[in-house]
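K.L.:
Quick one: this structure, given as structure tokens, is what I'll be asking you about.
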Amino acid sequence: MAHYVQIPKDLNDIKEKFIMGLTKRQVVCFAIGLALGAPVFFVARNYVGMSTAIMAMGIVAAPAILCGLYRKNGIFLEKQAKFMREYFTRPRKRYYKTTNIFYAVERQLEYMKIKKKLRNAEKH
């Protein structure tokens with residue numbers, strides 16, 4: 001009986017697993033999420049109760065964990081957030097503006113004529 005293994009068509013999608021089936025990026029992002037969320041949990045559980053402290057820990061750790069897991073079209077969450085920020089802060093109307101090379105040359109020639117007249121006036 002033959003067993004078949006499917007091979008992905010795009011080999012760029014294959015990522016090397018590091019620990020427990022997670023990539024290095026995911027492990028680092030989970031560690032950052034833990035480093036941010038654990039202190040919040042231990043401080044908050046004394047004041048607001050266990051379930052609210054767990055919720056606060058999840059809210060604080062979620063952005064770091066999402067940066068490790070979320071990927072769309074090969075782009076991770078932080079790059080997509082950067083692209084979205086650039087898109088929404090860019091001006092909506094962009095005007096096409098050309099530079100007339102002939103006008104620039106004409107201005108340069110006129111500038112040179114005036115400069116020559118001033119030099120001649122200084123000599124006399």
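FYI, nothing fancy with the structure tokens labels: chains A, B, ... in order, residues from 1 per chain, ligands from 1 as they appear.
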May I have the residues within 12 Å of Tyr70 in chain A as a PyMOL selection string, using only C-alpha atoms and disregarding those fewer than 4 positions away in the same chain?
P.N.:
chain A and resi 25-26+29+62-66+74-81
K.L.:
Can you list, as number ranges by chain, every residue of chain A that DSSP puts in alpha helix (DSSP H)?
P.N.:
A: 24-48, 50-69, 77-89, 101-123
K.L.:
For Ala44 in chain A, list every protein, DNA or RNA residue within 9 Å, evaluated using only C-alpha atoms, and leave out those in the same chain fewer than 4 positions away; present the list as a PyMOL selection string.
P.N.:
chain A and resi 39-40+48-50+52-54+56-57
K.L.:
Would you work out the distance separating CA of Thr23 in chain A from CA of Leu36 in chain A, expressed in Å to one decimal?
P.N.:
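Spanning CA of Thr23 in chain A to CA of Leu36 in chain A is a straight-line distance of 20.1 Å.
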K.L.:
Calculate how many Å separate CA of Phe42 in chain A from CA of Ala61 in chain A, rounding to one decimal.
P.N.:
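Going from CA of Phe42 in chain A over to CA of Ala61 in chain A, I get 13.6 Å.
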K.L.:
Any idea what the distance is between CA of Lys9 in chain A and CA of Asn73 in chain A?
P.N.:
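For CA of Lys9 in chain A relative to CA of Asn73 in chain A, the distance reads 15.5 Å.
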